[in-house]
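Peer 1: First the structure, then my questions, so here it is.
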Amino acid sequence: MAKRKVLMTGASGYIASLMLPTLRDRFDMVLADVSDTDRDGNKIEGIQIANFIDTDRSKYAHLFEGVDAVIHLAFKPHVTRGEVSEKAPIDRFDNEHENVQMANNIYRSAYDAGVRRLAIASSNHAADWYEHSLIHDRKMDMVRPTDFPISDNFYGWAKAAYELLAYPYACGIFGRKLETVMLRIGFTRPIVASDYTSANSMSEQTAGGLAEFKRNLGARISPRDITQLFTKAVEAPNIENEHGVPFVVAYGCSDNTRRFWSLETARKYLDYQPEDDTEITYAKEIAELITGPEANVRGGKVGI
């Protein structure tokens, strides 16, 4: 049986690196990005250079020819590779507007080429207002894919816009239904206990200390779980909802004891069966920082 042909955008990025070793074996991969090297300068085999922000879609239309599915990971970060300065959050709209333009270029190119399925890297930030304002204040226990997508930052707004922008393509109003799976990816990095306790090693993702440690225990998705999630997003035989629209929004995290995002749609439509739980994977670190005799941290899955 012939392998599905799958186009992956953003193929030189970090998330792609977690999945490519498995996906190269499972699918006939077409890889594309604005660079054929990763952040460390390592060359990624097989990448074709393409700038999907360019509104002249004829420049990359050939990449979609004969493709069964598109895994869209590409995005333009607000800090380009090699730079350290950041724009203030209120000044990041123009950058995220380009990411929304890129998403539409992907959808339209896929539609025009007859692609059947899209698996899009949305983000948990598409609805992160709930997390920032309710979850960590213990006013809400679980965010669901059906909750209205609201964010308190332009990055999250852009991801929510990706989702809403795809619906006209999925519902068939243009002539055919473009099957679409939106995956709200969680925390993908390894969890290192010292990053949450040492001022010298804290990054934007760990600067919240022990509260951020708890958060990332709930939010993490392991490499094998994210690979399974995208694989099933490509392969699921029927993703139509009760209204006949092939459009799914699903959270992407492992089956973590501390998770605060619902996996109901991932399980129902994609048969996602995550194998990992940070409570087990990081049991030693959890005991060291929050449950051991020397720790002085309030209980509960989030907060401190």
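The way I read the labels, and the way they are meant: chains A, B, ... in the order of the structure tokens, residue 1 as the first residue of every chain, and ligand 1 as the first ligand shown, with later ones counted on from there.
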For Phe148 in chain A, list every protein, DNA or RNA residue within 10 Å, evaluated using only C-alpha atoms, and leave out those in the same chain fewer than 4 positions away; present the list as a PDB file with N, CA and C atoms, in the first residue's frame.
Peer 2:
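Written file, result27.pdb:
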ATOM      1  N   ALA A 126      -4.330  29.895  22.107  1.00  0.00           N
ATOM      2  CA  ALA A 126      -5.552  30.362  21.452  1.00  0.00           C
ATOM      3  C   ALA A 126      -6.658  30.646  22.461  1.00  0.00           C
ATOM      4  N   ALA A 127      -6.566  30.029  23.634  1.00  0.00           N
ATOM      5  CA  ALA A 127      -7.564  30.268  24.686  1.00  0.00           C
ATOM      6  C   ALA A 127      -6.875  30.429  26.034  1.00  0.00           C
ATOM      7  N   TYR A 130      -8.151  31.932  29.829  1.00  0.00           N
ATOM      8  CA  TYR A 130      -8.710  31.085  30.892  1.00  0.00           C
ATOM      9  C   TYR A 130      -7.611  30.596  31.823  1.00  0.00           C
ATOM     10  N   VAL A 143      -9.977  23.596  30.820  1.00  0.00           N
ATOM     11  CA  VAL A 143     -10.322  24.340  29.615  1.00  0.00           C
ATOM     12  C   VAL A 143     -10.664  23.321  28.534  1.00  0.00           C
ATOM     13  N   ARG A 144     -11.775  23.540  27.857  1.00  0.00           N
ATOM     14  CA  ARG A 144     -12.249  22.595  26.845  1.00  0.00           C
ATOM     15  C   ARG A 144     -12.158  23.216  25.450  1.00  0.00           C
ATOM     16  N   ALA A 160      -5.964  31.632  17.460  1.00  0.00           N
ATOM     17  CA  ALA A 160      -7.432  31.555  17.407  1.00  0.00           C
ATOM     18  C   ALA A 160      -7.930  31.957  16.021  1.00  0.00           C
TER      19      ALA A 160
END
Peer 1: Identify, on the basis of only C-alpha atoms, every residue whose closest approach to range 7-24 of chain A does not exceed 9 Å; exclude the query and any residue fewer than 3 positions from it along the same chain; express the result as a PyMOL selection string.
Peer 2: chain A and resi 27-39+43-44+47+50+52+63-64+67-75+188+222-224+226-228+230-231
Peer 1: Take the selection from the previous step and output its residues with N, CA, C and O atoms, as a short mmCIF file (atom, residue, chain, number, x, y, z; two decimals), in the first residue's frame.
Peer 2:
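Listing of selection15.cif after writing:
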data_model
loop_
_atom_site.label_atom_id
_atom_site.label_comp_id
_atom_site.auth_asym_id
_atom_site.auth_seq_id
_atom_site.Cartn_x
_atom_site.Cartn_y
_atom_site.Cartn_z
N PHE A 27 5.33 8.21 6.35
CA PHE A 27 4.76 8.94 5.22
C PHE A 27 5.83 9.26 4.18
O PHE A 27 7.02 9.24 4.46
N ASP A 28 5.36 9.60 2.99
CA ASP A 28 6.22 10.17 1.95
C ASP A 28 6.26 11.67 2.21
O ASP A 28 5.34 12.40 1.83
N MET A 29 7.30 12.14 2.89
CA MET A 29 7.35 13.50 3.38
C MET A 29 7.90 14.48 2.35
O MET A 29 8.91 14.22 1.71
N VAL A 30 7.21 15.61 2.23
CA VAL A 30 7.70 16.77 1.49
C VAL A 30 7.97 17.85 2.54
O VAL A 30 7.06 18.25 3.26
N LEU A 31 9.22 18.29 2.64
CA LEU A 31 9.61 19.20 3.70
C LEU A 31 9.88 20.59 3.15
O LEU A 31 10.53 20.74 2.10
N ALA A 32 9.39 21.62 3.86
CA ALA A 32 9.58 22.99 3.40
C ALA A 32 9.75 23.93 4.59
O ALA A 32 9.15 23.73 5.65
N ASP A 33 10.56 24.95 4.38
CA ASP A 33 10.76 25.99 5.40
C ASP A 33 11.53 27.13 4.76
O ASP A 33 12.01 27.02 3.63
N VAL A 34 11.69 28.22 5.50
CA VAL A 34 12.47 29.35 5.00
C VAL A 34 13.97 29.10 5.15
O VAL A 34 14.79 29.83 4.61
N SER A 35 14.33 28.07 5.91
CA SER A 35 15.73 27.70 6.11
C SER A 35 15.86 26.19 6.11
O SER A 35 14.94 25.49 6.56
N ASP A 36 16.99 25.69 5.63
CA ASP A 36 17.20 24.24 5.66
C ASP A 36 18.13 23.82 6.79
O ASP A 36 18.65 22.72 6.82
N THR A 37 18.33 24.74 7.75
CA THR A 37 19.13 24.42 8.94
C THR A 37 18.31 24.72 10.19
O THR A 37 17.43 25.59 10.19
N ASP A 38 18.60 23.99 11.27
CA ASP A 38 17.91 24.25 12.53
C ASP A 38 18.58 25.40 13.27
O ASP A 38 19.53 26.02 12.77
N ARG A 39 18.11 25.68 14.48
CA ARG A 39 18.64 26.82 15.24
C ARG A 39 20.11 26.66 15.60
O ARG A 39 20.81 27.64 15.87
N LYS A 43 22.13 21.09 9.21
CA LYS A 43 21.35 20.99 7.98
C LYS A 43 20.33 19.87 8.10
O LYS A 43 20.65 18.77 8.56
N ILE A 44 19.09 20.14 7.69
CA ILE A 44 18.02 19.15 7.71
C ILE A 44 17.85 18.62 6.29
O ILE A 44 17.56 19.38 5.36
N ILE A 47 14.89 19.49 2.84
CA ILE A 47 14.03 20.67 2.93
C ILE A 47 14.11 21.50 1.64
O ILE A 47 15.19 21.78 1.13
N ALA A 50 10.95 27.71 1.01
CA ALA A 50 9.70 28.36 0.61
C ALA A 50 9.30 29.36 1.69
O ALA A 50 9.41 29.07 2.89
N PHE A 52 6.08 30.98 2.91
CA PHE A 52 4.63 30.88 2.77
C PHE A 52 3.90 32.16 3.16
O PHE A 52 2.67 32.23 3.03
N LEU A 63 4.62 22.49 -4.33
CA LEU A 63 4.83 21.67 -3.13
C LEU A 63 3.56 20.94 -2.71
O LEU A 63 3.64 19.92 -2.02
N PHE A 64 2.40 21.43 -3.11
CA PHE A 64 1.12 20.85 -2.71
C PHE A 64 0.61 19.81 -3.71
O PHE A 64 -0.38 19.14 -3.44
N VAL A 67 -0.37 15.95 -2.89
CA VAL A 67 -0.25 15.79 -1.44
C VAL A 67 -1.60 15.36 -0.85
O VAL A 67 -2.65 15.87 -1.22
N ASP A 68 -1.55 14.40 0.07
CA ASP A 68 -2.75 13.93 0.76
C ASP A 68 -3.09 14.78 1.97
O ASP A 68 -4.26 14.98 2.30
N ALA A 69 -2.05 15.26 2.67
CA ALA A 69 -2.27 16.03 3.89
C ALA A 69 -1.13 17.03 4.07
O ALA A 69 0.00 16.81 3.62
N VAL A 70 -1.43 18.12 4.77
CA VAL A 70 -0.44 19.13 5.12
C VAL A 70 -0.34 19.22 6.63
O VAL A 70 -1.36 19.37 7.31
N ILE A 71 0.87 19.10 7.15
CA ILE A 71 1.16 19.41 8.55
C ILE A 71 1.79 20.81 8.56
O ILE A 71 2.89 21.00 8.06
N HIS A 72 1.05 21.77 9.08
CA HIS A 72 1.51 23.16 9.05
C HIS A 72 2.08 23.55 10.41
O HIS A 72 1.34 23.75 11.38
N LEU A 73 3.41 23.66 10.47
CA LEU A 73 4.10 24.05 11.69
C LEU A 73 4.75 25.42 11.57
O LEU A 73 5.17 26.00 12.58
N ALA A 74 4.89 25.92 10.35
CA ALA A 74 5.65 27.15 10.13
C ALA A 74 4.98 28.35 10.78
O ALA A 74 3.75 28.46 10.80
N PHE A 75 5.79 29.25 11.32
CA PHE A 75 5.30 30.53 11.79
C PHE A 75 6.50 31.48 11.85
O PHE A 75 7.65 31.05 11.91
N THR A 188 6.35 21.66 24.97
CA THR A 188 7.06 20.59 24.26
C THR A 188 8.48 20.34 24.75
O THR A 188 9.12 19.38 24.32
N SER A 222 4.86 14.86 25.36
CA SER A 222 6.12 14.16 25.10
C SER A 222 6.35 13.99 23.61
O SER A 222 5.40 14.07 22.81
N PRO A 223 7.58 13.74 23.19
CA PRO A 223 7.84 13.53 21.75
C PRO A 223 7.01 12.42 21.15
O PRO A 223 6.48 12.56 20.04
N ARG A 224 6.85 11.29 21.85
CA ARG A 224 6.08 10.21 21.24
C ARG A 224 4.59 10.52 21.22
O ARG A 224 3.87 10.09 20.31
N ILE A 226 3.27 13.68 20.89
CA ILE A 226 3.00 14.66 19.85
C ILE A 226 3.12 14.01 18.47
O ILE A 226 2.36 14.35 17.55
N THR A 227 4.01 13.05 18.34
CA THR A 227 4.13 12.32 17.07
C THR A 227 2.86 11.52 16.80
O THR A 227 2.34 11.51 15.68
N GLN A 228 2.35 10.85 17.83
CA GLN A 228 1.10 10.10 17.68
C GLN A 228 -0.04 11.05 17.31
O GLN A 228 -0.88 10.74 16.44
N PHE A 230 -0.10 14.03 15.78
CA PHE A 230 -0.09 14.51 14.40
C PHE A 230 -0.31 13.36 13.42
O PHE A 230 -0.97 13.55 12.38
N THR A 231 0.21 12.19 13.73
CA THR A 231 -0.01 11.04 12.86
C THR A 231 -1.50 10.73 12.76
O THR A 231 -2.05 10.52 11.67
#
Peer 1: Hey, what does DSSP flag as alpha helix (DSSP H) within range 6-208 of chain A? Can you give it to me as a ChimeraX atom specification?
Peer 2: /A:14-26,93-113,128-130,154-171
Peer 1: Can you list, as a list in words, every protein, DNA or RNA residue that comes within 12 Å of Ile90 in chain A when you count only C-alpha atoms, leaving out same-chain residues fewer than 2 positions away?
Peer 2: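 Surrounding residues, per the criterion: His78, Glu86, Lys87, Ala88, Arg92, Phe93, Asp94, Asn95, Glu96, Asp152, Asn153, Phe154 and Tyr155 of chain A.
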Peer 1: Go ahead and write the selection's residues with N, CA and C atoms as a PDB file, in the first residue's frame.
Peer 2:
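Wrote it out as result21.pdb, contents follow:
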ATOM      1  N   HIS A  78       8.404  36.413  16.691  1.00  0.00           N
ATOM      2  CA  HIS A  78       8.605  37.862  16.824  1.00  0.00           C
ATOM      3  C   HIS A  78      10.058  38.212  17.087  1.00  0.00           C
ATOM      4  N   GLU A  86      13.529  41.982  21.913  1.00  0.00           N
ATOM      5  CA  GLU A  86      12.132  41.644  21.721  1.00  0.00           C
ATOM      6  C   GLU A  86      11.279  42.902  21.650  1.00  0.00           C
ATOM      7  N   LYS A  87      10.240  42.848  20.826  1.00  0.00           N
ATOM      8  CA  LYS A  87       9.262  43.913  20.822  1.00  0.00           C
ATOM      9  C   LYS A  87       8.352  43.752  22.028  1.00  0.00           C
ATOM     10  N   ALA A  88       7.833  44.864  22.512  1.00  0.00           N
ATOM     11  CA  ALA A  88       6.845  44.800  23.586  1.00  0.00           C
ATOM     12  C   ALA A  88       5.617  44.048  23.087  1.00  0.00           C
ATOM     13  N   ARG A  92       3.395  43.584  18.748  1.00  0.00           N
ATOM     14  CA  ARG A  92       3.616  42.350  17.990  1.00  0.00           C
ATOM     15  C   ARG A  92       2.499  42.024  17.006  1.00  0.00           C
ATOM     16  N   PHE A  93       1.549  42.902  16.848  1.00  0.00           N
ATOM     17  CA  PHE A  93       0.418  42.611  15.970  1.00  0.00           C
ATOM     18  C   PHE A  93       0.854  42.377  14.529  1.00  0.00           C
ATOM     19  N   ASP A  94       1.698  43.256  13.994  1.00  0.00           N
ATOM     20  CA  ASP A  94       2.082  43.148  12.583  1.00  0.00           C
ATOM     21  C   ASP A  94       2.712  41.797  12.283  1.00  0.00           C
ATOM     22  N   ASN A  95       3.543  41.320  13.188  1.00  0.00           N
ATOM     23  CA  ASN A  95       4.178  40.017  13.004  1.00  0.00           C
ATOM     24  C   ASN A  95       3.126  38.913  12.977  1.00  0.00           C
ATOM     25  N   GLU A  96       2.191  38.943  13.917  1.00  0.00           N
ATOM     26  CA  GLU A  96       1.178  37.895  13.976  1.00  0.00           C
ATOM     27  C   GLU A  96       0.190  38.006  12.815  1.00  0.00           C
ATOM     28  N   ASP A 152      -5.043  36.706  25.792  1.00  0.00           N
ATOM     29  CA  ASP A 152      -4.653  38.028  26.260  1.00  0.00           C
ATOM     30  C   ASP A 152      -3.356  38.509  25.591  1.00  0.00           C
ATOM     31  N   ASN A 153      -3.019  37.909  24.436  1.00  0.00           N
ATOM     32  CA  ASN A 153      -1.809  38.317  23.723  1.00  0.00           C
ATOM     33  C   ASN A 153      -2.013  38.084  22.228  1.00  0.00           C
ATOM     34  N   PHE A 154      -1.228  38.770  21.405  1.00  0.00           N
ATOM     35  CA  PHE A 154      -1.422  38.692  19.955  1.00  0.00           C
ATOM     36  C   PHE A 154      -1.008  37.336  19.384  1.00  0.00           C
ATOM     37  N   TYR A 155      -0.073  36.653  20.021  1.00  0.00           N
ATOM     38  CA  TYR A 155       0.292  35.313  19.554  1.00  0.00           C
ATOM     39  C   TYR A 155      -0.913  34.378  19.673  1.00  0.00           C
TER      40      TYR A 155
END
Peer 1: Give me every strand (DSSP E) residue in range 72-141 of chain A, going by DSSP on the backbone, as a PyMOL selection string.
Peer 2: chain A and resi 72+117-123
Peer 1: Those selected residues, please, written with N, CA, C and O atoms and delivered as an mmCIF file, in the first residue's frame.
Peer 2:
data_model
loop_
_atom_site.group_PDB
_atom_site.id
_atom_site.type_symbol
_atom_site.label_atom_id
_atom_site.label_comp_id
_atom_site.auth_asym_id
_atom_site.auth_seq_id
_atom_site.Cartn_x
_atom_site.Cartn_y
_atom_site.Cartn_z
ATOM 1 N N HIS A 72 1.051 21.766 9.085
ATOM 2 C CA HIS A 72 1.512 23.159 9.051
ATOM 3 C C HIS A 72 2.079 23.552 10.412
ATOM 4 O O HIS A 72 1.340 23.752 11.377
ATOM 5 N N ARG A 117 -6.638 16.769 3.700
ATOM 6 C CA ARG A 117 -6.607 16.976 5.156
ATOM 7 C C ARG A 117 -5.512 17.969 5.551
ATOM 8 O O ARG A 117 -4.396 17.919 5.043
ATOM 9 N N LEU A 118 -5.844 18.840 6.477
ATOM 10 C CA LEU A 118 -4.882 19.727 7.118
ATOM 11 C C LEU A 118 -4.731 19.339 8.582
ATOM 12 O O LEU A 118 -5.729 19.086 9.269
ATOM 13 N N ALA A 119 -3.498 19.303 9.076
ATOM 14 C CA ALA A 119 -3.209 19.163 10.507
ATOM 15 C C ALA A 119 -2.387 20.386 10.895
ATOM 16 O O ALA A 119 -1.207 20.495 10.551
ATOM 17 N N ILE A 120 -3.025 21.309 11.584
ATOM 18 C CA ILE A 120 -2.449 22.630 11.817
ATOM 19 C C ILE A 120 -1.972 22.755 13.265
ATOM 20 O O ILE A 120 -2.698 22.419 14.203
ATOM 21 N N ALA A 121 -0.762 23.272 13.428
ATOM 22 C CA ALA A 121 -0.260 23.554 14.773
ATOM 23 C C ALA A 121 -0.863 24.866 15.260
ATOM 24 O O ALA A 121 -0.328 25.949 15.021
ATOM 25 N N SER A 122 -2.012 24.751 15.910
ATOM 26 C CA SER A 122 -2.531 25.866 16.678
ATOM 27 C C SER A 122 -1.761 25.860 17.999
ATOM 28 O O SER A 122 -0.661 25.317 18.075
ATOM 29 N N SER A 123 -2.294 26.421 19.022
ATOM 30 C CA SER A 123 -1.576 26.494 20.296
ATOM 31 C C SER A 123 -2.561 26.606 21.447
ATOM 32 O O SER A 123 -3.676 27.137 21.278
#
Peer 1: Enter the distance from CA of Leu229 in chain A to CA of Tyr272 in chain A, in Å, rounded to one decimal.
Peer 2: 6.1 Å
Peer 1: When you count only C-alpha atoms, which of these residues is closest to Ser109 in chain A: A:Glu131, A:Asp56, A:Asp271, A:Asp141?
Peer 2: A:Asp56
Peer 1: In Å, how far is it from CA of Gln101 in chain A to CA of Thr180 in chain A?
Peer 2: 17.2 Å
Peer 1: Here is a test: counting only C-alpha atoms, which residue of A:Ile239, A:Leu289, A:Val297, A:Val234 is nearest to Thr197 in chain A?
Peer 2: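 Result for the nearest residue to Thr197 in chain A: A:Leu289.
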Peer 1: Nearest to Arg26 in chain A among A:Glu163, A:Asp255, A:Glu242, A:Glu235, with distances taken over only C-alpha atoms: which residue is it?
Peer 2: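 Residue with the minimum atom-to-atom distance to Arg26 in chain A: A:Glu235.
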Peer 1: Closest to Met140 in chain A among A:Tyr60, A:Arg298, A:Arg189, A:Phe260, using only C-alpha atoms?
Peer 2: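 Between A:Tyr60, A:Arg298, A:Arg189, A:Phe260, the residue approaching Met140 in chain A most closely is A:Phe260.
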